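Dropping target02.tsv in here (TSV, C-alpha atoms):
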```
chain	number	residue	atom	x	y	z
A	1102	MET	CA	113.92	99.33	119.71
A	1103	ASP	CA	112.57	101.53	116.93
A	1104	VAL	CA	109.40	100.50	115.10
A	1105	GLY	CA	108.90	101.52	111.49
A	1106	ILE	CA	106.09	100.90	109.05
A	1107	GLY	CA	106.29	99.74	105.46
A	1108	LEU	CA	104.77	101.60	102.56
A	1109	PRO	CA	102.39	99.37	100.56
A	1110	ASN	CA	104.51	99.93	97.44
A	1111	ALA	CA	104.51	96.18	96.70
A	1112	ILE	CA	100.74	95.62	97.12
A	1113	ARG	CA	98.75	95.44	93.89
A	1114	GLY	CA	96.42	98.39	93.48
A	1115	VAL	CA	98.62	100.85	95.34
A	1116	ASP	CA	98.07	104.45	94.29
A	1117	ARG	CA	98.99	107.97	95.40
A	1118	ALA	CA	97.06	107.65	98.67
A	1119	GLY	CA	99.01	104.50	99.51
A	1120	ILE	CA	102.27	106.45	99.33
A	1121	VAL	CA	101.62	110.14	99.98
A	1122	ASP	CA	98.75	109.96	102.49
A	1123	TRP	CA	100.30	106.91	104.12
A	1124	ALA	CA	103.65	108.69	104.57
A	1125	ARG	CA	102.05	111.75	106.15
A	1126	GLU	CA	100.04	109.62	108.58
A	1127	ALA	CA	103.03	107.44	109.45
A	1128	GLU	CA	105.12	110.46	110.40
A	1129	ALA	CA	102.28	111.96	112.44
A	1130	ALA	CA	101.86	108.64	114.25
A	1131	GLY	CA	105.51	108.65	115.31
A	1132	PHE	CA	106.89	105.69	113.39
A	1133	SER	CA	110.67	105.67	113.04
A	1134	SER	CA	110.88	104.73	109.34
A	1135	LEU	CA	109.00	104.17	106.12
A	1136	GLY	CA	110.11	100.99	104.35
A	1137	THR	CA	109.86	99.59	100.84
A	1138	ILE	CA	110.11	96.10	99.34
A	1139	ASP	CA	111.59	95.61	95.89
A	1140	ARG	CA	110.84	93.63	92.74
A	1141	ILE	CA	111.00	94.34	89.02
A	1142	ALA	CA	108.80	91.66	87.45
A	1143	TYR	CA	105.67	92.63	89.37
A	1144	GLY	CA	103.06	95.39	89.35
A	1145	ASN	CA	104.55	97.27	92.31
A	1146	TYR	CA	105.82	100.83	92.66
A	1147	GLU	CA	109.58	101.25	92.27
A	1148	SER	CA	111.17	101.72	95.68
A	1149	LEU	CA	113.34	104.83	95.22
A	1150	ILE	CA	110.59	106.72	93.41
A	1151	ALA	CA	108.06	105.78	96.11
A	1152	LEU	CA	110.44	106.98	98.82
A	1153	THR	CA	111.08	110.22	96.96
A	1154	ALA	CA	107.33	110.91	96.96
A	1155	ALA	CA	107.25	110.12	100.68
A	1156	ALA	CA	110.24	112.38	101.34
A	1157	ALA	CA	108.46	115.32	99.72
A	1158	VAL	CA	105.60	115.23	102.24
A	1159	THR	CA	107.55	114.38	105.42
A	1160	GLU	CA	110.30	115.97	107.49
A	1161	ARG	CA	111.51	113.52	110.13
A	1162	ILE	CA	110.79	109.90	109.34
A	1163	ARG	CA	113.61	107.76	107.89
A	1164	LEU	CA	113.28	106.33	104.38
A	1165	VAL	CA	114.38	102.69	104.22
A	1166	THR	CA	114.70	100.16	101.40
A	1167	ASP	CA	114.28	96.78	103.05
A	1168	ILE	CA	115.55	95.55	100.74
A	1169	LEU	CA	116.47	96.96	97.33
A	1170	ILE	CA	117.81	94.42	94.82
A	1171	ALA	CA	120.97	96.35	94.13
A	1172	PRO	CA	122.53	94.46	91.17
A	1173	LEU	CA	119.41	95.21	89.10
A	1174	ARG	CA	120.56	98.85	89.15
A	1175	SER	CA	123.46	97.97	86.90
A	1176	ASN	CA	124.76	101.50	86.18
A	1177	ASN	CA	126.64	102.06	89.42
A	1178	ALA	CA	127.34	105.75	88.81
A	1179	LEU	CA	123.66	106.42	88.09
A	1180	PHE	CA	122.58	104.36	91.11
A	1181	ALA	CA	124.99	106.30	93.33
A	1182	LYS	CA	123.62	109.57	91.95
A	1183	GLN	CA	119.99	108.54	92.43
A	1184	THR	CA	120.52	107.49	96.04
A	1185	ALA	CA	122.69	110.51	96.84
A	1186	THR	CA	120.00	112.76	95.38
A	1187	LEU	CA	117.29	111.20	97.53
A	1188	ASP	CA	119.51	111.37	100.60
A	1189	HIS	CA	120.33	115.05	99.95
A	1190	PHE	CA	116.73	115.92	99.08
A	1191	SER	CA	115.43	114.32	102.28
A	1192	GLY	CA	118.01	115.90	104.55
A	1193	GLY	CA	119.99	112.72	105.14
A	1194	ARG	CA	117.07	110.42	105.93
A	1195	LEU	CA	117.84	107.64	103.44
A	1196	VAL	CA	118.80	104.19	104.76
A	1197	LEU	CA	119.62	101.60	102.11
A	1198	GLY	CA	118.99	97.95	102.81
A	1199	LEU	CA	120.60	96.19	99.84
A	1200	ALA	CA	120.77	92.56	98.77
A	1201	ALA	CA	121.40	90.46	95.69
A	1202	GLY	CA	117.87	89.07	95.44
A	1203	GLY	CA	116.76	85.55	94.65
A	1204	ARG	CA	114.24	85.75	91.80
A	1205	GLU	CA	115.52	84.80	88.37
A	1206	ASP	CA	112.66	86.57	86.56
A	1207	ASP	CA	113.76	89.97	87.88
A	1208	TYR	CA	117.17	89.40	86.29
A	1209	ALA	CA	115.80	87.90	83.09
A	1210	VAL	CA	113.52	90.84	82.37
A	1211	SER	CA	116.43	93.19	83.14
A	1212	GLY	CA	118.75	91.41	80.71
A	1213	LEU	CA	121.20	90.57	83.51
A	1214	ASP	CA	122.94	87.36	84.54
A	1215	PHE	CA	121.27	85.96	87.65
A	1216	HIS	CA	124.21	83.69	88.45
A	1217	ALA	CA	126.72	86.56	88.40
A	1218	ARG	CA	124.77	88.70	90.87
A	1219	GLY	CA	127.09	88.06	93.83
A	1220	LYS	CA	130.22	89.24	92.02
A	1221	VAL	CA	128.30	92.18	90.57
A	1222	PHE	CA	127.08	93.14	94.04
A	1223	ASP	CA	130.59	93.05	95.52
A	1224	ARG	CA	131.90	95.34	92.79
A	1225	GLN	CA	128.87	97.58	93.10
A	1226	LEU	CA	129.33	98.14	96.84
A	1227	ALA	CA	132.93	99.23	96.25
A	1228	ASP	CA	131.85	101.51	93.40
A	1229	LEU	CA	129.07	103.12	95.43
A	1230	ALA	CA	131.54	104.03	98.19
A	1231	ARG	CA	133.83	105.69	95.62
A	1232	PHE	CA	131.07	107.63	93.92
A	1233	TRP	CA	129.47	108.77	97.18
A	1234	ALA	CA	132.91	110.05	98.19
A	1235	GLY	CA	132.93	112.28	95.10
A	1236	GLU	CA	135.02	110.27	92.65
A	1237	GLY	CA	134.15	111.06	89.06
A	1238	GLY	CA	132.22	114.17	90.05
A	1239	VAL	CA	129.07	112.13	90.76
A	1240	GLY	CA	126.94	114.25	93.07
A	1241	PRO	CA	125.31	115.67	95.04
A	1242	ALA	CA	127.21	114.62	98.14
A	1243	PRO	CA	125.15	112.58	100.62
A	1244	VAL	CA	124.46	114.50	103.80
A	1245	ARG	CA	126.66	112.36	106.10
A	1246	GLY	CA	129.18	110.96	103.65
A	1247	ARG	CA	126.91	108.19	102.47
A	1248	PRO	CA	123.38	106.94	103.15
A	1249	GLY	CA	122.89	104.48	105.97
A	1250	LEU	CA	123.72	101.02	104.63
A	1251	TYR	CA	122.50	97.57	105.69
A	1252	ILE	CA	123.06	94.32	103.81
A	1253	GLY	CA	120.43	91.61	103.58
A	1254	GLY	CA	120.74	87.87	103.04
A	1255	ARG	CA	121.80	84.88	105.14
A	1256	SER	CA	124.78	83.58	103.19
A	1257	ASP	CA	128.33	83.89	104.49
A	1258	ALA	CA	128.91	86.42	101.72
A	1259	ALA	CA	126.02	88.57	102.97
A	1260	PHE	CA	127.49	88.84	106.46
A	1261	ARG	CA	130.92	89.55	104.97
A	1262	ARG	CA	129.49	92.35	102.83
A	1263	ALA	CA	127.72	93.84	105.83
A	1264	ALA	CA	130.98	93.92	107.81
A	1265	GLU	CA	133.09	95.24	104.95
A	1266	HIS	CA	130.74	97.91	103.64
A	1267	GLY	CA	127.79	98.57	105.90
A	1268	ASP	CA	126.42	99.77	109.19
A	1269	GLY	CA	124.77	96.44	109.84
A	1270	TRP	CA	122.53	93.62	108.62
A	1271	THR	CA	118.82	93.28	107.88
A	1272	MET	CA	116.82	90.07	108.14
A	1273	GLY	CA	114.34	89.85	105.30
A	1274	GLY	CA	111.61	87.82	106.98
A	1275	GLY	CA	111.35	85.24	109.70
A	1276	ALA	CA	110.37	84.95	113.35
A	1277	PRO	CA	112.22	86.59	116.25
A	1278	ASP	CA	113.84	83.31	117.29
A	1279	SER	CA	115.41	82.93	113.85
A	1280	PHE	CA	116.98	86.37	114.20
A	1281	ALA	CA	118.66	85.40	117.44
A	1282	GLY	CA	120.32	82.47	115.67
A	1283	GLU	CA	121.88	84.75	113.04
A	1284	LEU	CA	123.18	87.42	115.41
A	1285	GLU	CA	126.36	85.51	116.30
A	1286	ARG	CA	127.18	85.10	112.60
A	1287	LEU	CA	126.94	88.87	112.23
A	1288	HIS	CA	129.21	89.51	115.19
A	1289	GLU	CA	131.72	86.96	113.91
A	1290	ALA	CA	131.83	88.71	110.54
A	1291	TRP	CA	132.36	92.01	112.35
A	1292	ARG	CA	135.29	90.56	114.30
A	1293	THR	CA	136.82	89.03	111.17
A	1294	ALA	CA	136.67	92.39	109.42
A	1295	GLY	CA	138.39	94.06	112.36
A	1296	ARG	CA	135.44	96.30	113.10
A	1297	GLU	CA	135.45	97.90	116.55
A	1298	ASP	CA	131.97	99.41	116.35
A	1299	GLU	CA	128.74	97.49	116.99
A	1300	PRO	CA	126.65	96.36	114.00
A	1301	ARG	CA	123.13	97.68	113.67
A	1302	THR	CA	120.27	95.34	112.86
A	1303	MET	CA	116.86	95.50	111.23
A	1304	ALA	CA	114.09	92.97	110.71
A	1305	LEU	CA	110.69	93.00	109.07
A	1306	MET	CA	107.32	91.54	109.93
A	1307	TYR	CA	103.97	91.54	108.14
A	1308	VAL	CA	100.77	93.00	109.55
A	1309	SER	CA	97.17	92.99	108.39
A	1310	LEU	CA	94.67	94.58	110.75
A	1311	GLY	CA	90.97	95.37	110.84
A	1312	ASP	CA	87.78	93.58	109.86
A	1313	THR	CA	89.21	92.26	106.56
A	1314	ALA	CA	92.62	91.28	107.93
A	1315	GLU	CA	92.58	87.67	106.73
A	1316	ALA	CA	91.28	88.53	103.26
A	1317	ASP	CA	93.77	91.38	102.87
A	1318	ALA	CA	96.68	89.16	103.89
A	1319	ARG	CA	95.67	86.49	101.41
A	1320	ALA	CA	95.10	88.97	98.58
A	1321	GLY	CA	98.19	91.10	99.21
A	1322	LEU	CA	100.86	88.83	100.62
A	1323	GLY	CA	99.50	85.69	98.98
A	1324	ASP	CA	99.72	87.27	95.55
A	1325	TYR	CA	103.13	88.84	96.10
A	1326	TYR	CA	104.63	85.55	97.32
A	1327	ALA	CA	102.71	83.25	94.97
A	1328	PHE	CA	105.97	82.32	93.22
A	1329	LEU	CA	106.97	80.45	96.41
A	1330	GLY	CA	104.11	77.97	96.03
A	1331	GLU	CA	102.87	76.51	99.31
A	1332	TYR	CA	105.29	78.68	101.29
A	1333	ALA	CA	103.13	81.68	100.37
A	1334	ASP	CA	100.44	80.23	102.63
A	1335	MET	CA	102.96	80.24	105.48
A	1336	VAL	CA	103.72	83.91	104.89
A	1337	VAL	CA	100.00	84.71	104.99
A	1338	ALA	CA	99.48	82.62	108.11
A	1339	GLY	CA	102.45	84.24	109.83
A	1340	ALA	CA	101.23	87.82	109.39
A	1341	ALA	CA	100.09	89.54	112.58
A	1342	LYS	CA	96.34	89.96	112.17
A	1343	ASP	CA	95.30	91.31	115.57
A	1344	PRO	CA	96.75	93.81	118.04
A	1345	GLU	CA	97.90	91.19	120.54
A	1346	THR	CA	99.91	89.31	117.91
A	1347	VAL	CA	101.46	92.58	116.74
A	1348	ARG	CA	102.61	93.30	120.28
A	1349	GLN	CA	103.94	89.76	120.73
A	1350	TYR	CA	105.98	89.91	117.53
A	1351	VAL	CA	107.39	93.35	118.31
A	1352	ALA	CA	108.30	92.30	121.86
A	1353	GLY	CA	109.94	89.15	120.49
A	1354	PHE	CA	112.15	91.11	118.12
A	1355	GLU	CA	113.11	93.54	120.87
A	1356	GLN	CA	114.02	90.67	123.18
A	1357	ALA	CA	116.10	89.09	120.38
A	1358	GLY	CA	118.18	92.27	120.15
A	1359	VAL	CA	116.88	93.88	116.95
A	1360	ASP	CA	117.52	97.63	116.73
A	1361	GLU	CA	114.57	98.35	114.43
A	1362	VAL	CA	111.63	96.31	113.17
A	1363	ILE	CA	109.60	97.47	110.18
A	1364	CYS	CA	105.96	96.35	109.99
A	1365	PHE	CA	104.99	95.84	106.35
A	1366	PRO	CA	101.30	95.94	105.39
A	1367	ALA	CA	99.11	93.67	103.30
A	1368	SER	CA	96.66	96.44	102.36
A	1369	THR	CA	96.99	99.80	100.60
A	1370	ASP	CA	94.43	101.47	102.88
A	1371	PRO	CA	96.10	104.31	104.86
A	1372	ALA	CA	93.77	103.41	107.76
A	1373	GLN	CA	96.23	100.60	108.44
A	1374	VAL	CA	98.66	103.21	109.80
A	1375	GLY	CA	96.30	104.22	112.58
A	1376	LEU	CA	95.35	100.61	113.33
A	1377	LEU	CA	99.01	99.65	113.76
A	1378	ALA	CA	99.77	102.70	115.89
A	1379	GLU	CA	96.82	101.86	118.14
A	1380	ALA	CA	97.90	98.21	118.39
A	1381	LEU	CA	101.35	99.27	119.52
A	1382	ARG	CA	99.93	101.58	122.18
```
Structure translated into structure tokens:
Amino acid sequence: MDVGIGLPNAIRGVDRAGIVDWAREAEAAGFSSLGTIDRIAYGNYESLIALTAAAAVTERIRLVTDILIAPLRSNNALFAKQTATLDHFSGGRLVLGLAAGGREDDYAVSGLDFHARGKVFDRQLADLARFWAGEGGVGPAPVRGRPGLYIGGRSDAAFRRAAEHGDGWTMGGGAPDSFAGELERLHEAWRTAGREDEPRTMALMYVSLGDTAEADARAGLGDYYAFLGEYADMVVAGAAKDPETVRQYVAGFEQAGVDEVICFPASTDPAQVGLLAEALR
């Protein structure tokens, strides 16, 4: 199983060091991917721009949106061009985890209909495939035909979209045992779609290491998930805050059959990269 690390693009107070220095250190430490989390109505860095900055200072590490709220990018031709540009610029390292999202405020501030997001997403996935294939002259061409593509969400429609359009499915939070329960739904969707290849899978977990681990988790994750009310406390409590818990979570995801887990931070301090790498050793 591959182990990636998230950029702190969604942690308040993130700055250049939290993207550029972090990306350099993550590649040097041998992580498989750099991930981003997405929102509009929040003081975070936009995902594709953050990954472009990371791409400019790295050579090997994959660049993963886990996930990007795709229907908020409502100009499908422009979205296809932006992602194709990043994929081309990075030498084919872009992997898109896409989902419809579940926060009404992101749609409200964007002037978009929250309740139409599923239909918009279905149409968008079809449009992206056409544009990446060169229809309409939208370029540049992605390095391998299209970026890597995973679909997030736990609805029947999410698994259908993954089978119809993607390389696999990504689980946007939850423990390893919850992943195992969803894997059969993914394989069933694959069979229904007549796919003969094997779906790829990703999952994420949260980490907060060092002397201020608890405070960082509460300040970073607690603030980001405050809209969930009391559930935000569960997210904070569930973050891996010591090396042994990191290793237990990673081993649990590997045992569950995940192909890649991305460890997202609660702090913007690039020292977290080294702390996580040491925990995994």
Which of A:Arg1125, A:His1216, A:Arg1224, A:Arg1194 sits closest to Ala1171 in chain A [using all atoms listed in the file]: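 Residue with the minimum atom-to-atom distance to Ala1171 in chain A: A:Arg1224.
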Between CA of Thr1166 in chain A and CA of Leu1377 in chain A - distance in Å to one decimal: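 Pair CA of Leu1377 in chain A / CA of Thr1166 in chain A returns 20.0 Å.
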Nearby residues (only C-alpha atoms) at most 10 Å from Pro1300 in chain A, same-chain spacing under 3 positions excluded, as a PyMOL selection string: chain A and resi 1251+1263-1264+1267-1270+1284+1287-1288+1290-1291+1296-1297+1360
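Nearest-residue note for Arg1231 in chain A: choosing from A:Gly1274, A:Gly1219, A:Asn1177, A:Leu1169, the minimum distance belongs to A:Asn1177, counting only C-alpha atoms.
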Near-Arg1204 in chain A list (9 Å; all atoms listed in the file; drop same-chain fewer than 3 positions) as a count of residues only: 4
All residues 12 Å or closer to Ala1142 in chain A, all atoms listed in the file, same chain fewer than 5 positions away omitted, as a list in words: Ala1111, Glu1147, Ile1170, Leu1173, Arg1204, Glu1205, Asp1206, Asp1207, Tyr1208, Ala1209, Val1210, Ser1211, Tyr1325 and Phe1328 of chain A
Draw an axis-aligned box over all listed atoms of range 1112-1124 of chain A, pad each side with 3 Å, and write its centre and edge lengths in Å, one decimal, as JSON.
```
{"center_x": 100.0, "center_y": 102.8, "center_z": 99.0, "size_x": 13.2, "size_y": 20.7, "size_z": 17.1}
```
Atomic distance CA of Pro1344 in chain A - CA of Gly1311 in chain A, expressed in Å with one decimal: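 Pair CA of Pro1344 in chain A / CA of Gly1311 in chain A returns 9.4 Å.
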